[in-house]
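Peer 1: The following file, start_13.cif, comprises mmCIF, N, CA and C atoms:
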```cif
data_input
#
loop_
_atom_site.group_PDB
_atom_site.id
_atom_site.type_symbol
_atom_site.label_atom_id
_atom_site.label_comp_id
_atom_site.auth_asym_id
_atom_site.auth_seq_id
_atom_site.Cartn_x
_atom_site.Cartn_y
_atom_site.Cartn_z
ATOM 1 N N MET A 221 0.817 -1.187 0.000
ATOM 2 C CA MET A 221 0.000 0.000 0.000
ATOM 3 C C MET A 221 0.866 1.259 0.000
ATOM 4 N N ARG A 222 2.038 1.162 0.568
ATOM 5 C CA ARG A 222 2.919 2.332 0.601
ATOM 6 C C ARG A 222 3.442 2.687 -0.782
ATOM 7 N N THR A 223 3.527 1.700 -1.669
ATOM 8 C CA THR A 223 3.989 2.009 -3.017
ATOM 9 C C THR A 223 2.915 2.712 -3.825
ATOM 10 N N VAL A 224 1.652 2.581 -3.433
ATOM 11 C CA VAL A 224 0.560 3.247 -4.133
ATOM 12 C C VAL A 224 0.363 4.651 -3.589
ATOM 13 N N LEU A 225 0.320 4.786 -2.279
ATOM 14 C CA LEU A 225 0.093 6.089 -1.654
ATOM 15 C C LEU A 225 1.418 6.731 -1.262
ATOM 16 N N THR A 226 2.135 7.182 -2.258
ATOM 17 C CA THR A 226 3.387 7.879 -2.002
ATOM 18 C C THR A 226 3.078 9.327 -1.609
ATOM 19 N N ALA A 227 4.077 10.025 -1.140
ATOM 20 C CA ALA A 227 3.883 11.419 -0.722
ATOM 21 C C ALA A 227 3.394 12.311 -1.866
ATOM 22 N N PRO A 228 3.957 12.205 -3.085
ATOM 23 C CA PRO A 228 3.417 13.037 -4.172
ATOM 24 C C PRO A 228 1.976 12.688 -4.542
ATOM 25 N N ALA A 229 1.618 11.407 -4.466
ATOM 26 C CA ALA A 229 0.243 11.010 -4.779
ATOM 27 C C ALA A 229 -0.729 11.566 -3.750
ATOM 28 N N VAL A 230 -0.356 11.511 -2.489
ATOM 29 C CA VAL A 230 -1.208 12.058 -1.430
ATOM 30 C C VAL A 230 -1.302 13.576 -1.566
ATOM 31 N N ALA A 231 -0.199 14.224 -1.921
ATOM 32 C CA ALA A 231 -0.218 15.676 -2.101
ATOM 33 C C ALA A 231 -1.134 16.077 -3.257
ATOM 34 N N ARG A 232 -1.091 15.324 -4.353
ATOM 35 C CA ARG A 232 -1.991 15.617 -5.477
ATOM 36 C C ARG A 232 -3.448 15.399 -5.096
ATOM 37 N N LEU A 233 -3.716 14.345 -4.361
ATOM 38 C CA LEU A 233 -5.073 14.086 -3.889
ATOM 39 C C LEU A 233 -5.556 15.209 -2.985
ATOM 40 N N ALA A 234 -4.716 15.623 -2.065
ATOM 41 C CA ALA A 234 -5.081 16.704 -1.142
ATOM 42 C C ALA A 234 -5.293 18.017 -1.896
ATOM 43 N N LEU A 235 -4.449 18.285 -2.883
ATOM 44 C CA LEU A 235 -4.599 19.505 -3.676
ATOM 45 C C LEU A 235 -5.924 19.510 -4.430
ATOM 46 N N GLY A 236 -6.262 18.398 -5.049
ATOM 47 C CA GLY A 236 -7.514 18.307 -5.791
ATOM 48 C C GLY A 236 -8.730 18.490 -4.900
ATOM 49 N N TRP A 237 -8.749 17.807 -3.759
ATOM 50 C CA TRP A 237 -9.903 17.930 -2.866
ATOM 51 C C TRP A 237 -9.945 19.285 -2.184
ATOM 52 N N ALA A 238 -8.795 19.885 -1.916
ATOM 53 C CA ALA A 238 -8.780 21.243 -1.341
ATOM 54 C C ALA A 238 -9.344 22.252 -2.340
ATOM 55 N N ALA A 239 -9.039 22.064 -3.617
ATOM 56 C CA ALA A 239 -9.582 22.962 -4.640
ATOM 57 C C ALA A 239 -11.093 22.801 -4.756
ATOM 58 N N VAL A 240 -11.574 21.562 -4.701
ATOM 59 C CA VAL A 240 -13.020 21.319 -4.742
ATOM 60 C C VAL A 240 -13.695 21.950 -3.526
ATOM 61 N N ALA A 241 -13.106 21.770 -2.361
ATOM 62 C CA ALA A 241 -13.685 22.342 -1.142
ATOM 63 C C ALA A 241 -13.672 23.869 -1.188
ATOM 64 N N ALA A 242 -12.579 24.447 -1.664
ATOM 65 C CA ALA A 242 -12.482 25.911 -1.727
ATOM 66 C C ALA A 242 -13.514 26.492 -2.685
ATOM 67 N N LEU A 243 -13.695 25.853 -3.821
ATOM 68 C CA LEU A 243 -14.692 26.344 -4.772
ATOM 69 C C LEU A 243 -16.118 26.090 -4.285
ATOM 70 N N SER A 244 -16.320 25.020 -3.530
ATOM 71 C CA SER A 244 -17.653 24.747 -2.984
ATOM 72 C C SER A 244 -18.021 25.745 -1.896
ATOM 73 N N VAL A 245 -17.075 26.054 -1.042
ATOM 74 C CA VAL A 245 -17.329 26.994 0.050
ATOM 75 C C VAL A 245 -17.419 28.425 -0.479
ATOM 76 N N GLY A 246 -16.555 28.778 -1.409
ATOM 77 C CA GLY A 246 -16.493 30.158 -1.881
ATOM 78 C C GLY A 246 -17.247 30.431 -3.157
ATOM 79 N N HIS A 247 -18.210 29.592 -3.509
ATOM 80 C CA HIS A 247 -18.909 29.796 -4.777
ATOM 81 C C HIS A 247 -19.716 31.083 -4.801
ATOM 82 N N ASP A 248 -20.166 31.569 -3.642
ATOM 83 C CA ASP A 248 -20.909 32.840 -3.618
ATOM 84 C C ASP A 248 -20.008 34.016 -3.965
ATOM 85 N N ALA A 249 -18.744 33.930 -3.585
ATOM 86 C CA ALA A 249 -17.807 35.013 -3.904
ATOM 87 C C ALA A 249 -17.534 35.094 -5.399
ATOM 88 N N PHE A 250 -17.641 33.953 -6.085
ATOM 89 C CA PHE A 250 -17.383 33.935 -7.521
ATOM 90 C C PHE A 250 -18.653 34.109 -8.346
ATOM 91 N N ALA A 251 -19.812 34.179 -7.696
ATOM 92 C CA ALA A 251 -21.073 34.275 -8.420
ATOM 93 C C ALA A 251 -21.278 35.660 -9.026
ATOM 94 N N GLY A 252 -20.725 36.667 -8.415
ATOM 95 C CA GLY A 252 -20.895 38.027 -8.921
ATOM 96 C C GLY A 252 -19.920 38.344 -10.031
ATOM 97 N N THR A 253 -19.852 39.607 -10.366
ATOM 98 C CA THR A 253 -18.922 40.065 -11.389
ATOM 99 C C THR A 253 -17.530 40.184 -10.797
ATOM 100 N N LEU A 254 -16.563 39.598 -11.476
ATOM 101 C CA LEU A 254 -15.169 39.639 -11.021
ATOM 102 C C LEU A 254 -14.366 40.544 -11.942
ATOM 103 N N SER A 255 -13.388 41.197 -11.370
ATOM 104 C CA SER A 255 -12.501 41.998 -12.215
ATOM 105 C C SER A 255 -11.627 41.062 -13.048
ATOM 106 N N THR A 256 -11.076 41.572 -14.097
ATOM 107 C CA THR A 256 -10.297 40.750 -15.020
ATOM 108 C C THR A 256 -9.089 40.091 -14.361
ATOM 109 N N PRO A 257 -8.288 40.812 -13.574
ATOM 110 C CA PRO A 257 -7.140 40.127 -12.949
ATOM 111 C C PRO A 257 -7.557 39.015 -11.977
ATOM 112 N N VAL A 258 -8.636 39.235 -11.248
ATOM 113 C CA VAL A 258 -9.098 38.203 -10.313
ATOM 114 C C VAL A 258 -9.617 36.994 -11.086
ATOM 115 N N LEU A 259 -10.351 37.250 -12.158
ATOM 116 C CA LEU A 259 -10.861 36.159 -12.979
ATOM 117 C C LEU A 259 -9.727 35.337 -13.581
ATOM 118 N N PHE A 260 -8.697 36.018 -14.092
ATOM 119 C CA PHE A 260 -7.546 35.304 -14.644
ATOM 120 C C PHE A 260 -6.816 34.497 -13.573
ATOM 121 N N ALA A 261 -6.709 35.042 -12.366
ATOM 122 C CA ALA A 261 -6.037 34.322 -11.284
ATOM 123 C C ALA A 261 -6.824 33.066 -10.893
ATOM 124 N N VAL A 262 -8.149 33.185 -10.810
ATOM 125 C CA VAL A 262 -8.974 32.023 -10.457
ATOM 126 C C VAL A 262 -8.883 30.967 -11.548
ATOM 127 N N LEU A 263 -8.991 31.382 -12.790
ATOM 128 C CA LEU A 263 -8.910 30.419 -13.894
ATOM 129 C C LEU A 263 -7.535 29.768 -13.989
ATOM 130 N N ALA A 264 -6.480 30.548 -13.759
ATOM 131 C CA ALA A 264 -5.121 29.981 -13.773
ATOM 132 C C ALA A 264 -4.950 28.955 -12.655
ATOM 133 N N GLY A 265 -5.539 29.234 -11.501
ATOM 134 C CA GLY A 265 -5.472 28.278 -10.398
ATOM 135 C C GLY A 265 -6.205 26.993 -10.709
ATOM 136 N N ILE A 266 -7.386 27.117 -11.323
ATOM 137 C CA ILE A 266 -8.159 25.922 -11.687
ATOM 138 C C ILE A 266 -7.408 25.091 -12.723
ATOM 139 N N VAL A 267 -6.854 25.756 -13.734
ATOM 140 C CA VAL A 267 -6.101 25.040 -14.771
ATOM 141 C C VAL A 267 -4.871 24.369 -14.167
ATOM 142 N N ALA A 268 -4.189 25.039 -13.254
ATOM 143 C CA ALA A 268 -3.003 24.456 -12.617
ATOM 144 C C ALA A 268 -3.365 23.198 -11.829
ATOM 145 N N VAL A 269 -4.476 23.248 -11.094
ATOM 146 C CA VAL A 269 -4.905 22.072 -10.322
ATOM 147 C C VAL A 269 -5.255 20.921 -11.258
ATOM 148 N N VAL A 270 -5.945 21.215 -12.343
ATOM 149 C CA VAL A 270 -6.315 20.166 -13.301
ATOM 150 C C VAL A 270 -5.070 19.530 -13.912
ATOM 151 N N ILE A 271 -4.091 20.339 -14.276
ATOM 152 C CA ILE A 271 -2.864 19.807 -14.891
ATOM 153 C C ILE A 271 -2.085 18.949 -13.897
ATOM 154 N N VAL A 272 -1.936 19.425 -12.677
ATOM 155 C CA VAL A 272 -1.193 18.658 -11.667
ATOM 156 C C VAL A 272 -1.881 17.324 -11.398
ATOM 157 N N CYS A 273 -3.208 17.340 -11.263
ATOM 158 C CA CYS A 273 -3.939 16.097 -10.995
ATOM 159 C C CYS A 273 -3.916 15.162 -12.209
ATOM 160 N N ALA A 274 -3.949 15.717 -13.416
ATOM 161 C CA ALA A 274 -3.888 14.881 -14.616
ATOM 162 C C ALA A 274 -2.542 14.173 -14.733
ATOM 163 N N PHE A 275 -1.462 14.885 -14.431
ATOM 164 C CA PHE A 275 -0.154 14.229 -14.450
ATOM 165 C C PHE A 275 -0.061 13.154 -13.377
ATOM 166 N N GLY A 276 -0.769 13.333 -12.266
ATOM 167 C CA GLY A 276 -0.818 12.296 -11.242
ATOM 168 C C GLY A 276 -1.507 11.045 -11.736
ATOM 169 N N VAL A 277 -2.588 11.223 -12.500
ATOM 170 C CA VAL A 277 -3.303 10.074 -13.065
ATOM 171 C C VAL A 277 -2.406 9.329 -14.047
ATOM 172 N N VAL A 278 -1.702 10.070 -14.870
ATOM 173 C CA VAL A 278 -0.808 9.433 -15.849
ATOM 174 C C VAL A 278 0.322 8.691 -15.142
ATOM 175 N N THR A 279 0.854 9.267 -14.093
ATOM 176 C CA THR A 279 1.927 8.602 -13.345
ATOM 177 C C THR A 279 1.422 7.304 -12.719
ATOM 178 N N GLN A 280 0.242 7.355 -12.106
ATOM 179 C CA GLN A 280 -0.312 6.146 -11.516
ATOM 180 C C GLN A 280 -0.631 5.101 -12.583
ATOM 181 N N ALA A 281 -1.098 5.540 -13.753
ATOM 182 C CA ALA A 281 -1.379 4.602 -14.849
ATOM 183 C C ALA A 281 -0.097 3.940 -15.336
ATOM 184 N N GLU A 282 0.992 4.690 -15.382
ATOM 185 C CA GLU A 282 2.274 4.104 -15.786
ATOM 186 C C GLU A 282 2.729 3.041 -14.794
ATOM 187 N N HIS A 283 2.587 3.321 -13.502
ATOM 188 C CA HIS A 283 2.976 2.331 -12.489
ATOM 189 C C HIS A 283 2.102 1.082 -12.591
ATOM 190 N N LEU A 284 0.812 1.290 -12.793
ATOM 191 C CA LEU A 284 -0.094 0.159 -12.925
ATOM 192 C C LEU A 284 0.206 -0.650 -14.187
ATOM 193 N N ALA A 285 0.498 0.035 -15.278
ATOM 194 C CA ALA A 285 0.818 -0.657 -16.525
ATOM 195 C C ALA A 285 2.107 -1.464 -16.390
ATOM 196 N N HIS A 286 3.076 -0.920 -15.672
ATOM 197 C CA HIS A 286 4.324 -1.646 -15.449
ATOM 198 C C HIS A 286 4.071 -2.913 -14.639
ATOM 199 N N ARG A 287 3.164 -2.847 -13.676
ATOM 200 C CA ARG A 287 2.851 -4.019 -12.859
ATOM 201 C C ARG A 287 2.073 -5.079 -13.636
ATOM 202 N N LEU A 288 1.171 -4.637 -14.519
ATOM 203 C CA LEU A 288 0.313 -5.590 -15.225
ATOM 204 C C LEU A 288 1.011 -6.301 -16.373
ATOM 205 N N GLY A 289 2.013 -5.712 -16.925
ATOM 206 C CA GLY A 289 2.704 -6.349 -18.034
ATOM 207 C C GLY A 289 2.298 -5.786 -19.379
ATOM 208 N N ASP A 290 2.769 -6.426 -20.436
ATOM 209 C CA ASP A 290 2.674 -5.845 -21.769
ATOM 210 C C ASP A 290 1.259 -5.695 -22.316
ATOM 211 N N PRO A 291 0.453 -6.722 -22.482
ATOM 212 C CA PRO A 291 -0.814 -6.446 -23.172
ATOM 213 C C PRO A 291 -1.780 -5.601 -22.338
ATOM 214 N N TYR A 292 -1.878 -5.877 -21.033
ATOM 215 C CA TYR A 292 -2.814 -5.135 -20.200
ATOM 216 C C TYR A 292 -2.275 -3.751 -19.848
ATOM 217 N N GLY A 293 -0.993 -3.646 -19.692
ATOM 218 C CA GLY A 293 -0.401 -2.348 -19.391
ATOM 219 C C GLY A 293 -0.607 -1.342 -20.497
ATOM 220 N N THR A 294 -0.531 -1.793 -21.736
ATOM 221 C CA THR A 294 -0.774 -0.909 -22.872
ATOM 222 C C THR A 294 -2.223 -0.443 -22.881
ATOM 223 N N LEU A 295 -3.145 -1.321 -22.554
ATOM 224 C CA LEU A 295 -4.558 -0.936 -22.485
ATOM 225 C C LEU A 295 -4.806 0.087 -21.391
ATOM 226 N N VAL A 296 -4.169 -0.079 -20.241
ATOM 227 C CA VAL A 296 -4.336 0.875 -19.142
ATOM 228 C C VAL A 296 -3.806 2.234 -19.549
ATOM 229 N N LEU A 297 -2.621 2.266 -20.152
ATOM 230 C CA LEU A 297 -2.045 3.543 -20.564
ATOM 231 C C LEU A 297 -2.862 4.217 -21.663
ATOM 232 N N THR A 298 -3.548 3.430 -22.467
ATOM 233 C CA THR A 298 -4.370 4.001 -23.524
ATOM 234 C C THR A 298 -5.690 4.526 -22.983
ATOM 235 N N ARG A 299 -6.306 3.800 -22.079
ATOM 236 C CA ARG A 299 -7.649 4.159 -21.612
ATOM 237 C C ARG A 299 -7.663 5.237 -20.539
ATOM 238 N N CYS A 300 -6.691 5.294 -19.660
ATOM 239 C CA CYS A 300 -6.749 6.224 -18.528
ATOM 240 C C CYS A 300 -6.794 7.695 -18.941
ATOM 241 N N PRO A 301 -5.898 8.175 -19.759
ATOM 242 C CA PRO A 301 -5.981 9.606 -20.088
ATOM 243 C C PRO A 301 -7.152 9.950 -20.999
ATOM 244 N N SER A 302 -7.659 8.977 -21.745
ATOM 245 C CA SER A 302 -8.682 9.300 -22.738
ATOM 246 C C SER A 302 -10.109 9.023 -22.281
ATOM 247 N N SER A 303 -10.284 8.514 -21.069
ATOM 248 C CA SER A 303 -11.641 8.200 -20.612
ATOM 249 C C SER A 303 -11.868 8.799 -19.238
ATOM 250 N N SER A 304 -13.035 8.564 -18.724
ATOM 251 C CA SER A 304 -13.376 9.104 -17.415
ATOM 252 C C SER A 304 -12.689 8.297 -16.319
ATOM 253 N N SER A 305 -12.861 8.714 -15.089
ATOM 254 C CA SER A 305 -12.145 8.119 -13.964
ATOM 255 C C SER A 305 -12.605 6.700 -13.647
ATOM 256 N N ARG A 306 -13.683 6.214 -14.257
ATOM 257 C CA ARG A 306 -14.132 4.855 -13.937
ATOM 258 C C ARG A 306 -13.159 3.800 -14.421
ATOM 259 N N TRP A 307 -12.277 4.133 -15.374
ATOM 260 C CA TRP A 307 -11.277 3.181 -15.868
ATOM 261 C C TRP A 307 -10.028 3.182 -15.017
ATOM 262 N N CYS A 308 -9.761 4.253 -14.324
ATOM 263 C CA CYS A 308 -8.501 4.369 -13.583
ATOM 264 C C CYS A 308 -8.700 4.069 -12.121
#
```
Can I see the file as structure tokens?
Peer 2:
Amino acid sequence: MRTVLTAPAVARLALGWAAVAALSVGHDAFAGTLSTPVLFAVLAGIVAVVIVCAFGVVTQAEHLAHRLGDPYGTLVLTRCPSSSSRWC
């Protein structure tokens, strides 16, 4: 289990859920009109969280593919980035 839940994996998980919680709690603050710099900062933060979490999914898929071997590992690497989270 320690090989699956490494420190970077836990950090990515915490970052993703913290972003969801922050947007859930602060959705009223974003409901009104935002100035352009604030809007760009919020959008840049959302994009950064998505990119960091996506690279985490790809990293975990690579580890899983290495464990499963050649035919199944290739399928995992093909399906994970291109489908929803039900495959990963």
Peer 1: Would you please work out which residue, of A:Phe260, A:Val296, A:Ile266, A:Ala227, is nearest to Leu243 of chain A when using only C-alpha atoms?
Peer 2: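 Distance minimum relative to Leu243 of chain A lands on A:Ile266.
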Peer 1: Pick out each residue of chain A that DSSP on the backbone tags as alpha helix (DSSP H); I need them as a VMD selection string.
Peer 2: chain A and resid 227 to 245 247 to 251 256 to 288 290 to 302
Peer 1: Go ahead and compute the interatomic distance for atom N of Ala264 of chain A and atom CA of Ala231 of chain A, in Å to one decimal.
Peer 2: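 Pair atom N of Ala264 of chain A / atom CA of Ala231 of chain A returns 19.9 Å.
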Peer 1: Taking all listed atoms of segment 227-232 of chain A, build the axis-aligned box, pad each of the six sides by 4 Å, then write its centre and edge lengths in Å to one decimal as AutoDock Vina command-line options.
Peer 2:
```
--center_x 0.3 --center_y 13.1 --center_z -3.1 --size_x 15.5 --size_y 14.1 --size_z 12.8
```
Peer 1: Under the rule that only C-alpha atoms are counted, which of A:Leu295, A:Ala251, A:Leu225, A:Val272 is the nearest residue to Ala239 of chain A?
Peer 2: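 Result for the nearest residue to Ala239 of chain A: A:Val272.
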Peer 1: Using only C-alpha atoms - which residues lie no farther than 12 Å from the point (-7.9, 19.0, -3.8) in the file's frame? Write them as a list in words.
Peer 2: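 The residues that fall inside the cut-off are Ala229, Val230, Ala231, Arg232, Leu233, Ala234, Leu235, Gly236, Trp237, Ala238, Ala239, Val240, Ala241, Ala242, Leu243, Ser244, Gly265, Ile266, Ala268, Val269, Val270, Val272 and Cys273 of chain A.
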Peer 1: Which distance in Å separates atom C of Ala249 of chain A and atom CA of Phe275 of chain A, to one decimal?
Peer 2: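 Result for atom C of Ala249 of chain A versus atom CA of Phe275 of chain A: 28.6 Å, one decimal.
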Peer 1: Taking (3.1, 6.1, -9.6) in the file's coordinates, which residues come within 8 Å, counting only C-alpha atoms, written as a PyMOL selection string?
Peer 2: chain A and resi 223-224+226+229+276+279-284
Peer 1: Interatomic distance between atom C of Ser255 of chain A and atom C of Ile271 of chain A?
Peer 2: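 Calculated distance between atom C of Ser255 of chain A and atom C of Ile271 of chain A is 24.1 Å.
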